[in-house]
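Okay, query_2.cif is below, mmCIF, C-alpha atoms:
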data_run
#
loop_
_atom_site.label_atom_id
_atom_site.label_comp_id
_atom_site.auth_asym_id
_atom_site.auth_seq_id
_atom_site.Cartn_x
_atom_site.Cartn_y
_atom_site.Cartn_z
CA MET R 1 -36.58 -16.58 -4.19
CA THR R 2 -36.48 -19.83 -6.08
CA GLU R 3 -36.57 -20.07 -9.86
CA GLU R 4 -39.99 -21.70 -9.83
CA LYS R 5 -41.51 -18.95 -7.68
CA ARG R 6 -40.05 -16.25 -9.85
CA ARG R 7 -41.60 -17.67 -13.00
CA ARG R 8 -45.04 -18.36 -11.55
CA PRO R 9 -45.69 -16.21 -8.49
CA PRO R 10 -48.86 -16.75 -6.46
CA ALA R 11 -51.76 -14.73 -7.80
CA GLY R 12 -51.75 -12.12 -5.06
CA GLN R 13 -48.08 -11.33 -5.55
CA PHE R 14 -48.29 -10.50 -9.24
CA ILE R 15 -48.16 -6.72 -8.80
CA THR R 16 -45.31 -6.79 -6.31
CA THR R 17 -43.13 -9.10 -8.39
CA GLN R 18 -43.72 -6.96 -11.45
CA PHE R 19 -42.82 -3.87 -9.45
CA ASN R 20 -39.76 -5.66 -8.09
CA SER R 21 -38.68 -6.44 -11.63
CA LEU R 22 -39.26 -2.83 -12.68
CA LEU R 23 -37.17 -1.59 -9.77
CA GLY R 24 -34.38 -4.00 -10.69
CA TRP R 25 -34.44 -2.78 -14.26
CA ALA R 26 -34.31 0.85 -13.13
CA ARG R 27 -31.59 0.31 -10.58
CA LYS R 28 -29.27 -1.76 -12.73
CA PHE R 29 -29.10 0.97 -15.38
CA SER R 30 -28.53 3.88 -13.03
CA LEU R 31 -25.52 2.80 -11.01
CA PHE R 32 -23.67 5.73 -9.52
CA HIS R 33 -20.20 4.41 -8.82
CA TYR R 34 -17.61 5.44 -6.31
CA PRO R 35 -14.07 4.44 -7.35
CA PHE R 36 -11.92 3.55 -4.33
CA VAL R 37 -8.66 3.51 -6.29
CA THR R 38 -5.48 2.61 -4.42
CA ALA R 39 -3.09 1.02 -6.92
CA CYS R 40 -2.12 0.28 -10.51
CA CYS R 41 -5.54 -1.24 -11.35
CA GLY R 42 -6.64 2.40 -11.44
CA MET R 43 -5.18 2.71 -14.94
CA GLU R 44 -7.49 -0.02 -16.17
CA TYR R 45 -10.38 1.57 -14.30
CA MET R 46 -9.67 4.85 -16.13
CA SER R 47 -9.57 2.99 -19.41
CA ALA R 48 -12.85 1.24 -18.67
CA ALA R 49 -14.52 4.42 -17.44
CA CYS R 50 -13.35 6.81 -20.17
CA ALA R 51 -14.13 7.08 -23.86
CA HIS R 52 -12.27 4.00 -25.17
CA PHE R 53 -14.40 1.43 -23.39
CA ASP R 54 -16.99 3.80 -22.00
CA ILE R 55 -18.69 2.27 -18.99
CA ASP R 56 -21.51 4.77 -19.57
CA ARG R 57 -22.88 2.53 -22.35
CA PHE R 58 -23.96 0.16 -19.57
CA GLY R 59 -25.61 2.76 -17.44
CA ALA R 60 -22.81 3.26 -14.92
CA GLY R 61 -21.32 6.48 -16.22
CA TRP R 62 -22.07 8.69 -13.29
CA THR R 63 -18.90 8.77 -11.17
CA ARG R 64 -19.56 10.28 -7.78
CA PHE R 65 -16.73 11.22 -5.47
CA SER R 66 -18.85 11.09 -2.38
CA PRO R 67 -19.90 7.70 -1.02
CA ARG R 68 -23.17 9.26 0.14
CA GLN R 69 -24.29 9.79 -3.44
CA SER R 70 -23.21 6.46 -4.88
CA ASP R 71 -24.56 2.92 -4.83
CA MET R 72 -21.77 0.89 -6.46
CA LEU R 73 -18.41 0.75 -4.71
CA LEU R 74 -15.47 -0.18 -6.93
CA VAL R 75 -12.54 -1.28 -4.80
CA VAL R 76 -9.67 -0.91 -7.24
CA GLY R 77 -6.30 -2.06 -5.93
CA THR R 78 -4.44 -3.28 -2.88
CA ILE R 79 -6.02 -2.66 0.52
CA THR R 80 -3.63 -2.60 3.46
CA HIS R 81 -4.50 -3.16 7.09
CA LYS R 82 -3.78 0.51 7.71
CA GLU R 83 -6.37 1.44 5.11
CA ALA R 84 -9.02 -1.13 6.08
CA PRO R 85 -10.89 1.14 8.56
CA VAL R 86 -11.13 3.82 5.84
CA LEU R 87 -12.68 1.38 3.37
CA ARG R 88 -15.12 0.14 6.02
CA THR R 89 -16.15 3.76 6.75
CA VAL R 90 -16.65 4.53 3.06
CA TYR R 91 -18.81 1.43 2.68
CA GLU R 92 -20.89 2.32 5.71
CA GLN R 93 -21.42 5.87 4.45
CA MET R 94 -23.00 4.65 1.21
CA THR R 95 -26.77 4.74 1.09
CA GLU R 96 -28.84 1.61 0.55
CA PRO R 97 -29.18 -0.16 -1.81
CA LYS R 98 -25.46 -0.65 -2.41
CA TRP R 99 -23.25 -3.09 -4.26
CA VAL R 100 -19.52 -3.76 -4.13
CA ILE R 101 -17.18 -4.88 -6.89
CA ALA R 102 -13.71 -6.21 -6.00
CA PHE R 103 -11.62 -5.04 -8.93
CA GLY R 104 -8.39 -6.92 -9.57
CA THR R 105 -6.54 -9.73 -7.85
CA CYS R 106 -5.36 -7.64 -4.89
CA ALA R 107 -8.88 -6.62 -3.92
CA VAL R 108 -10.13 -10.17 -4.50
CA SER R 109 -7.51 -12.09 -2.52
CA GLY R 110 -4.51 -9.93 -1.69
CA GLY R 111 -2.76 -11.11 -4.84
CA ILE R 112 0.99 -11.57 -4.64
CA TYR R 113 1.14 -9.53 -1.45
CA ASP R 114 0.91 -12.27 1.14
CA ASN R 115 2.62 -10.27 3.85
CA TYR R 116 2.24 -8.29 7.07
CA ALA R 117 0.70 -5.23 5.45
CA VAL R 118 -2.00 -6.39 3.04
CA VAL R 119 -5.58 -7.54 3.66
CA GLN R 120 -6.08 -10.92 1.99
CA GLY R 121 -9.22 -9.99 0.10
CA ILE R 122 -11.63 -7.17 0.89
CA ASP R 123 -14.40 -9.66 1.71
CA GLN R 124 -12.71 -9.90 5.09
CA ILE R 125 -13.87 -6.32 5.71
CA ILE R 126 -17.00 -5.65 3.62
CA PRO R 127 -19.48 -7.82 1.67
CA VAL R 128 -18.64 -8.22 -2.03
CA ASP R 129 -21.09 -8.84 -4.90
CA VAL R 130 -18.84 -9.40 -7.89
CA TYR R 131 -15.18 -10.43 -8.03
CA ILE R 132 -13.22 -9.37 -11.11
CA PRO R 133 -9.93 -11.29 -11.44
CA GLY R 134 -6.86 -10.11 -13.31
CA CYS R 135 -3.64 -8.30 -12.54
CA PRO R 136 -4.88 -5.87 -13.71
CA PRO R 137 -8.15 -6.98 -15.36
CA ARG R 138 -8.68 -5.87 -18.94
CA PRO R 139 -11.49 -3.33 -19.46
CA GLU R 140 -13.51 -6.05 -21.23
CA THR R 141 -13.34 -8.12 -18.05
CA VAL R 142 -14.49 -5.13 -16.04
CA LEU R 143 -17.47 -4.57 -18.32
CA ASP R 144 -18.28 -8.27 -18.10
CA GLY R 145 -18.21 -7.98 -14.31
CA LEU R 146 -20.53 -5.00 -14.52
CA LEU R 147 -22.98 -7.00 -16.68
CA LYS R 148 -22.86 -9.81 -14.11
CA LEU R 149 -23.71 -7.31 -11.38
CA GLN R 150 -26.58 -5.91 -13.44
CA GLU R 151 -27.95 -9.42 -13.88
CA LYS R 152 -27.73 -9.89 -10.14
CA ILE R 153 -29.52 -6.60 -9.47
CA GLN R 154 -32.28 -7.47 -11.96
CA HIS R 155 -33.09 -10.72 -10.17
CA GLN R 156 -32.58 -9.42 -6.65
CA ASP R 157 -35.35 -9.03 -4.13
CA HIS R 158 -35.64 -5.25 -3.88
CA ASP R 159 -36.65 -3.14 -0.97
CA TRP R 160 -38.84 -0.07 -1.20
CA ARG R 161 -40.66 2.21 1.14
CA TRP R 162 -44.19 0.75 1.17
CA LYS R 163 -43.12 -2.80 0.66
CA LYS R 164 -44.91 -5.34 2.81
CA LYS R 165 -42.15 -6.68 5.00
CA ARG R 166 -41.80 -10.40 5.47
CA SER R 167 -40.98 -10.82 9.11
CA MET A 1 42.19 8.25 -9.70
CA GLU A 2 39.84 10.64 -7.98
CA GLU A 3 37.91 7.82 -6.33
CA GLU A 4 41.09 6.51 -4.78
CA THR A 5 41.98 9.88 -3.31
CA ILE A 6 38.64 10.34 -1.54
CA LEU A 7 38.85 6.91 0.06
CA GLU A 8 42.53 7.45 0.86
CA ARG A 9 41.77 10.85 2.36
CA LEU A 10 39.03 9.23 4.43
CA ARG A 11 41.47 6.62 5.72
CA LYS A 12 44.04 9.25 6.54
CA GLU A 13 41.55 11.46 8.38
CA PHE A 14 39.89 8.67 10.35
CA PRO A 15 42.38 5.84 10.80
CA ALA A 16 40.38 4.33 13.68
CA GLY A 17 36.89 4.85 12.28
CA VAL A 18 37.30 3.41 8.78
CA LYS A 19 37.43 -0.37 8.86
CA GLU A 20 37.58 -1.16 5.18
CA VAL A 21 37.43 0.64 1.84
CA LEU A 22 36.62 -0.90 -1.54
CA THR A 23 35.14 -0.08 -4.89
CA SER A 24 32.10 -1.94 -6.10
CA LEU A 25 30.93 -1.60 -9.73
CA GLY A 26 32.74 1.72 -10.00
CA ASP A 27 31.34 3.20 -6.79
CA GLU A 28 33.24 3.80 -3.60
CA VAL A 29 32.27 1.92 -0.47
CA ALA A 30 33.52 2.62 3.03
CA VAL A 31 32.79 0.24 5.90
CA ILE A 32 33.03 2.29 9.05
CA ASP A 33 32.67 2.09 12.79
CA LYS A 34 29.34 3.05 14.33
CA GLU A 35 30.81 5.69 16.63
CA ALA A 36 32.59 7.46 13.76
CA LEU A 37 29.48 7.86 11.60
CA LEU A 38 28.73 11.49 12.37
CA PRO A 39 32.28 12.92 11.95
CA ILE A 40 32.85 10.87 8.79
CA ALA A 41 29.52 11.97 7.31
CA THR A 42 30.34 15.59 8.16
CA PHE A 43 33.74 15.24 6.49
CA LEU A 44 32.21 13.70 3.37
CA ARG A 45 29.64 16.45 3.06
CA ASP A 46 31.83 19.48 3.78
CA GLY A 47 35.24 18.11 2.76
CA PRO A 48 36.75 17.68 -0.72
CA GLY A 49 34.23 15.00 -1.62
CA GLU A 50 31.34 17.47 -1.59
CA PHE A 51 28.69 14.82 -1.07
CA LYS A 52 25.89 17.32 -0.65
CA MET A 53 23.06 14.93 -1.37
CA LEU A 54 21.76 11.99 0.64
CA LEU A 55 20.28 9.57 -1.87
CA ASP A 56 19.13 6.80 0.40
CA LEU A 57 19.45 5.47 3.89
CA THR A 58 18.45 1.90 4.50
CA CYS A 59 19.21 -1.20 6.50
CA VAL A 60 19.77 -4.93 6.01
CA ASP A 61 19.11 -7.72 8.48
CA TYR A 62 21.63 -10.56 8.44
CA PRO A 63 20.35 -13.10 10.97
CA GLY A 64 23.13 -15.04 12.65
CA ARG A 65 25.78 -12.56 11.66
CA GLU A 66 27.68 -10.38 14.08
CA PRO A 67 26.71 -7.51 14.06
CA ARG A 68 23.23 -8.42 12.94
CA PHE A 69 22.12 -5.22 11.18
CA GLU A 70 23.98 -3.23 8.58
CA MET A 71 22.95 0.31 7.85
CA VAL A 72 23.74 1.55 4.34
CA VAL A 73 23.95 5.23 3.44
CA HIS A 74 24.08 6.27 -0.21
CA LEU A 75 25.64 9.66 -0.91
CA PHE A 76 25.89 11.62 -4.12
CA SER A 77 28.19 14.46 -5.07
CA LEU A 78 26.41 16.88 -7.39
CA SER A 79 29.57 18.82 -8.24
CA ARG A 80 31.68 15.76 -9.09
CA ASN A 81 28.95 13.32 -10.24
CA ARG A 82 30.20 10.60 -7.91
CA ARG A 83 28.45 8.20 -5.57
CA LEU A 84 29.65 6.82 -2.25
CA ARG A 85 28.26 4.21 0.08
CA ILE A 86 28.81 4.03 3.82
CA LYS A 87 28.13 0.78 5.62
CA THR A 88 27.86 0.52 9.38
CA GLY A 89 27.24 -2.55 11.47
CA ILE A 90 24.69 -2.27 14.28
CA ASP A 91 24.55 -4.95 16.91
CA GLU A 92 21.25 -6.25 18.21
CA SER A 93 22.25 -5.58 21.82
CA ASP A 94 22.79 -1.88 21.14
CA LEU A 95 20.49 -0.53 18.44
CA ARG A 96 21.44 3.11 18.93
CA ILE A 97 23.17 5.07 16.20
CA ALA A 98 23.73 8.76 15.53
CA SER A 99 21.09 10.50 13.44
CA LEU A 100 22.09 12.23 10.21
CA THR A 101 19.22 14.72 10.31
CA SER A 102 21.57 17.53 11.35
CA LEU A 103 23.51 17.08 8.07
CA TRP A 104 20.84 16.18 5.54
CA LYS A 105 17.24 17.17 6.16
CA ASN A 106 15.78 14.28 4.16
CA ALA A 107 17.38 11.82 6.57
CA ASP A 108 14.35 12.53 8.78
CA TRP A 109 11.85 10.30 6.97
CA LEU A 110 14.46 7.77 5.84
CA GLU A 111 15.48 7.21 9.45
CA ARG A 112 11.87 6.96 10.51
CA GLU A 113 11.44 4.24 7.89
CA VAL A 114 14.46 2.28 9.16
CA PHE A 115 13.20 2.72 12.72
CA ASP A 116 9.74 1.52 11.74
CA LEU A 117 10.78 -1.56 9.80
CA PHE A 118 13.99 -2.60 11.62
CA GLY A 119 13.82 -0.98 15.04
CA VAL A 120 17.09 0.96 14.86
CA ARG A 121 17.09 3.85 17.35
CA PHE A 122 18.48 7.09 15.89
CA GLU A 123 19.94 9.32 18.57
CA GLY A 124 19.24 13.01 18.03
CA HIS A 125 16.35 12.47 15.62
CA PRO A 126 13.76 15.25 16.10
CA ASP A 127 10.64 13.05 15.75
CA LEU A 128 11.40 9.34 15.85
CA ARG A 129 8.11 7.48 15.38
CA ARG A 130 6.65 5.00 12.91
CA ILE A 131 6.12 6.22 9.35
CA PHE A 132 4.52 3.27 7.48
CA MET A 133 2.92 1.06 10.08
CA TYR A 134 0.16 2.29 12.35
CA ASP A 135 0.25 3.12 16.04
CA GLY A 136 -0.05 -0.02 18.10
CA PHE A 137 1.75 -2.20 15.56
CA GLU A 138 4.04 -4.61 17.41
CA GLY A 139 7.48 -5.55 16.19
CA HIS A 140 9.42 -4.53 13.12
CA PRO A 141 8.14 -6.30 9.99
CA LEU A 142 11.27 -6.30 7.82
CA ARG A 143 13.29 -8.14 10.43
CA LYS A 144 13.88 -11.70 9.30
CA ASP A 145 12.45 -13.10 12.52
CA TYR A 146 9.09 -11.35 12.06
CA PRO A 147 6.64 -14.23 11.41
CA LEU A 148 5.72 -14.40 7.72
CA ARG A 149 1.98 -14.72 8.27
CA ARG A 150 1.59 -12.57 11.34
CA ARG A 151 -1.18 -10.03 10.75
CA GLN A 152 -2.14 -7.16 13.02
CA PRO A 153 -5.46 -5.90 11.69
CA LEU A 154 -6.91 -2.63 12.95
CA ILE A 155 -10.51 -3.81 12.61
CA PRO A 156 -11.83 -7.33 13.18
CA LEU A 157 -11.70 -9.47 10.02
CA LYS A 158 -14.29 -11.99 8.92
CA GLU A 159 -13.33 -15.70 8.80
#
Could you rewrite the structure in this file as structure tokens?
Amino acid sequence: MTEEKRRRPPAGQFITTQFNSLLGWARKFSLFHYPFVTACCGMEYMSAACAHFDIDRFGAGWTRFSPRQSDMLLVVGTITHKEAPVLRTVYEQMTEPKWVIAFGTCAVSGGIYDNYAVVQGIDQIIPVDVYIPGCPPRPETVLDGLLKLQEKIQHQDHDWRWKKKRS
Amino acid sequence: MEEETILERLRKEFPAGVKEVLTSLGDEVAVIDKEALLPIATFLRDGPGEFKMLLDLTCVDYPGREPRFEMVVHLFSLSRNRRLRIKTGIDESDLRIASLTSLWKNADWLEREVFDLFGVRFEGHPDLRRIFMYDGFEGHPLRKDYPLRRRQPLIPLKE
């Protein structure tokens, strides 16, 4: 959807765009996240998620340890080729709508591990919405990444049950 | 003094098996023959040295050197607080070597690691298969001739 269309939708679409915006608002503040923690970035994840930085202030406090109940996948740490099928399965088990955050340099690009064992960025396996750099990223960076994702969700074209499908 | 006697005893017991003895940074090192590994290890564990603990078992690849691989065994004596290192050359043409699992139980996984990453075959190992890499992985990644950028993904990658 272009910027122009978003600001001034055609008359007949007024209700749907307003509903789309409402859905975006609701969804961005009720992210259930699933932490896929494999390496040292996990310490920063804990810091961001717990009381000191408190990710709950941004509406993502509900940590679910089942991918079936979550809609934001946090890939925290190095992903090896041996582990890649597991990550793919976890992603596929998540219910729609779902978003993925690559947390830390290893998840973004493989980091310093340019070798036989490590996947060079998880976007080779699953689609990624937000990349958070840093080795490991500070909790402030993580929260900034979360805000970026919320902005993206707010302006996304949402899907719902009785939506008129564009073919 | 005590360090000298263990190495001297080792030389006396196995004149053919022990190629070289030295001390490195205060620890004893014995370079031995591949065939003598099991009797020497048994002597070190049950003899006066009392090296009851296997600290580490690893391998080094020296490309172009003869023999190409060198297996290093780190032993520790709990009763005497002493360390000892055994080094054994393994030639590329014959990668077999005796397993130490009958002496130290933890040699099991250490030898599987060396087998996985270097391809050394341990004779008498109860379950010699890969420990880090997955089934179907080709080659031994810590060998110096394993291509630096060779990847063997389990699922198809994008791009």
Discussion item. Evaluated on this file, the PyMOL selection byres ((chain R) within 6 of (chain A)) picks out some residues - which ones are they, written as a list in words?
Written reply: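 Taken over the shown coordinates, the PyMOL selection byres ((chain R) within 6 of (chain A)) returns His81, Tyr116, Gln124 and Ile125 of chain R.
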Worksheet item: Rounded to one decimal in Å, what is the spacing between CA of Thr42 in chain A and CA of Thr101 in chain A?
Response: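 CA of Thr42 in chain A sits 11.4 Å away from CA of Thr101 in chain A.
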Worksheet item: Got a sec: who's within 12 Å of Ile122 in chain R, counting only C-alpha atoms, leaving out chain neighbours fewer than 6 positions off, as a ChimeraX atom specification?
Response: /R:36,73-81,83-85,87-88,91,100-111,128-131 /A:157-159
Mind writing the picked residues with C-alpha atoms as a compact mmCIF listing (two decimals), in the coordinates of the input?
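So the final result, stored in selection_35.txt, reads:
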# COMPACT_ATOMS: atom_id res chain seq x y z
CA PHE R 36 -11.92 3.55 -4.33
CA LEU R 73 -18.41 0.75 -4.71
CA LEU R 74 -15.47 -0.18 -6.93
CA VAL R 75 -12.54 -1.28 -4.80
CA VAL R 76 -9.67 -0.91 -7.24
CA GLY R 77 -6.30 -2.06 -5.93
CA THR R 78 -4.44 -3.28 -2.88
CA ILE R 79 -6.02 -2.66 0.52
CA THR R 80 -3.63 -2.60 3.46
CA HIS R 81 -4.50 -3.16 7.09
CA GLU R 83 -6.37 1.44 5.11
CA ALA R 84 -9.02 -1.13 6.08
CA PRO R 85 -10.89 1.14 8.56
CA LEU R 87 -12.68 1.38 3.37
CA ARG R 88 -15.12 0.14 6.02
CA TYR R 91 -18.81 1.43 2.68
CA VAL R 100 -19.52 -3.76 -4.13
CA ILE R 101 -17.18 -4.88 -6.89
CA ALA R 102 -13.71 -6.21 -6.00
CA PHE R 103 -11.62 -5.04 -8.93
CA GLY R 104 -8.39 -6.92 -9.57
CA THR R 105 -6.54 -9.73 -7.85
CA CYS R 106 -5.36 -7.64 -4.89
CA ALA R 107 -8.88 -6.62 -3.92
CA VAL R 108 -10.13 -10.17 -4.50
CA SER R 109 -7.51 -12.09 -2.52
CA GLY R 110 -4.51 -9.93 -1.69
CA GLY R 111 -2.76 -11.11 -4.84
CA VAL R 128 -18.64 -8.22 -2.03
CA ASP R 129 -21.09 -8.84 -4.90
CA VAL R 130 -18.84 -9.40 -7.89
CA TYR R 131 -15.18 -10.43 -8.03
CA LEU A 157 -11.70 -9.47 10.02
CA LYS A 158 -14.29 -11.99 8.92
CA GLU A 159 -13.33 -15.70 8.80
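Atom to atom, CA of Val73 in chain A and CA of Tyr113 in chain R stand 27.6 Å apart.
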For this structure, which residues satisfy the selection - the PyMOL selection byres ((chain A and resi 49) around 12) - when it is evaluated on the file as given? I want them as a short mmCIF file (atom, residue, chain, number, x, y, z; two decimals) with C-alpha atoms, in the frame of the given file.
data_model
loop_
_atom_site.label_atom_id
_atom_site.label_comp_id
_atom_site.auth_asym_id
_atom_site.auth_seq_id
_atom_site.Cartn_x
_atom_site.Cartn_y
_atom_site.Cartn_z
CA GLU A 2 39.84 10.64 -7.98
CA GLU A 3 37.91 7.82 -6.33
CA GLU A 4 41.09 6.51 -4.78
CA THR A 5 41.98 9.88 -3.31
CA ILE A 6 38.64 10.34 -1.54
CA LEU A 7 38.85 6.91 0.06
CA GLU A 8 42.53 7.45 0.86
CA ARG A 9 41.77 10.85 2.36
CA LEU A 10 39.03 9.23 4.43
CA GLU A 28 33.24 3.80 -3.60
CA ILE A 40 32.85 10.87 8.79
CA ALA A 41 29.52 11.97 7.31
CA THR A 42 30.34 15.59 8.16
CA PHE A 43 33.74 15.24 6.49
CA LEU A 44 32.21 13.70 3.37
CA ARG A 45 29.64 16.45 3.06
CA ASP A 46 31.83 19.48 3.78
CA GLY A 47 35.24 18.11 2.76
CA PRO A 48 36.75 17.68 -0.72
CA GLU A 50 31.34 17.47 -1.59
CA PHE A 51 28.69 14.82 -1.07
CA LYS A 52 25.89 17.32 -0.65
CA MET A 53 23.06 14.93 -1.37
CA LEU A 75 25.64 9.66 -0.91
CA PHE A 76 25.89 11.62 -4.12
CA SER A 77 28.19 14.46 -5.07
CA LEU A 78 26.41 16.88 -7.39
CA SER A 79 29.57 18.82 -8.24
CA ARG A 80 31.68 15.76 -9.09
CA ASN A 81 28.95 13.32 -10.24
CA ARG A 82 30.20 10.60 -7.91
CA ARG A 83 28.45 8.20 -5.57
CA LEU A 84 29.65 6.82 -2.25
#
Discussion item. To test your reading of the syntax: which residues would the PyMOL selection byres ((chain R and resi 142) around 10) return for the file shown? Reply as a PyMOL selection string.
Written reply: chain R and resi 44-45+48-49+53+55+101+103-104+131-134+136-141+143-148
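The coordinates place CA of Arg96 in chain A at 18.1 Å from CA of Pro63 in chain A.
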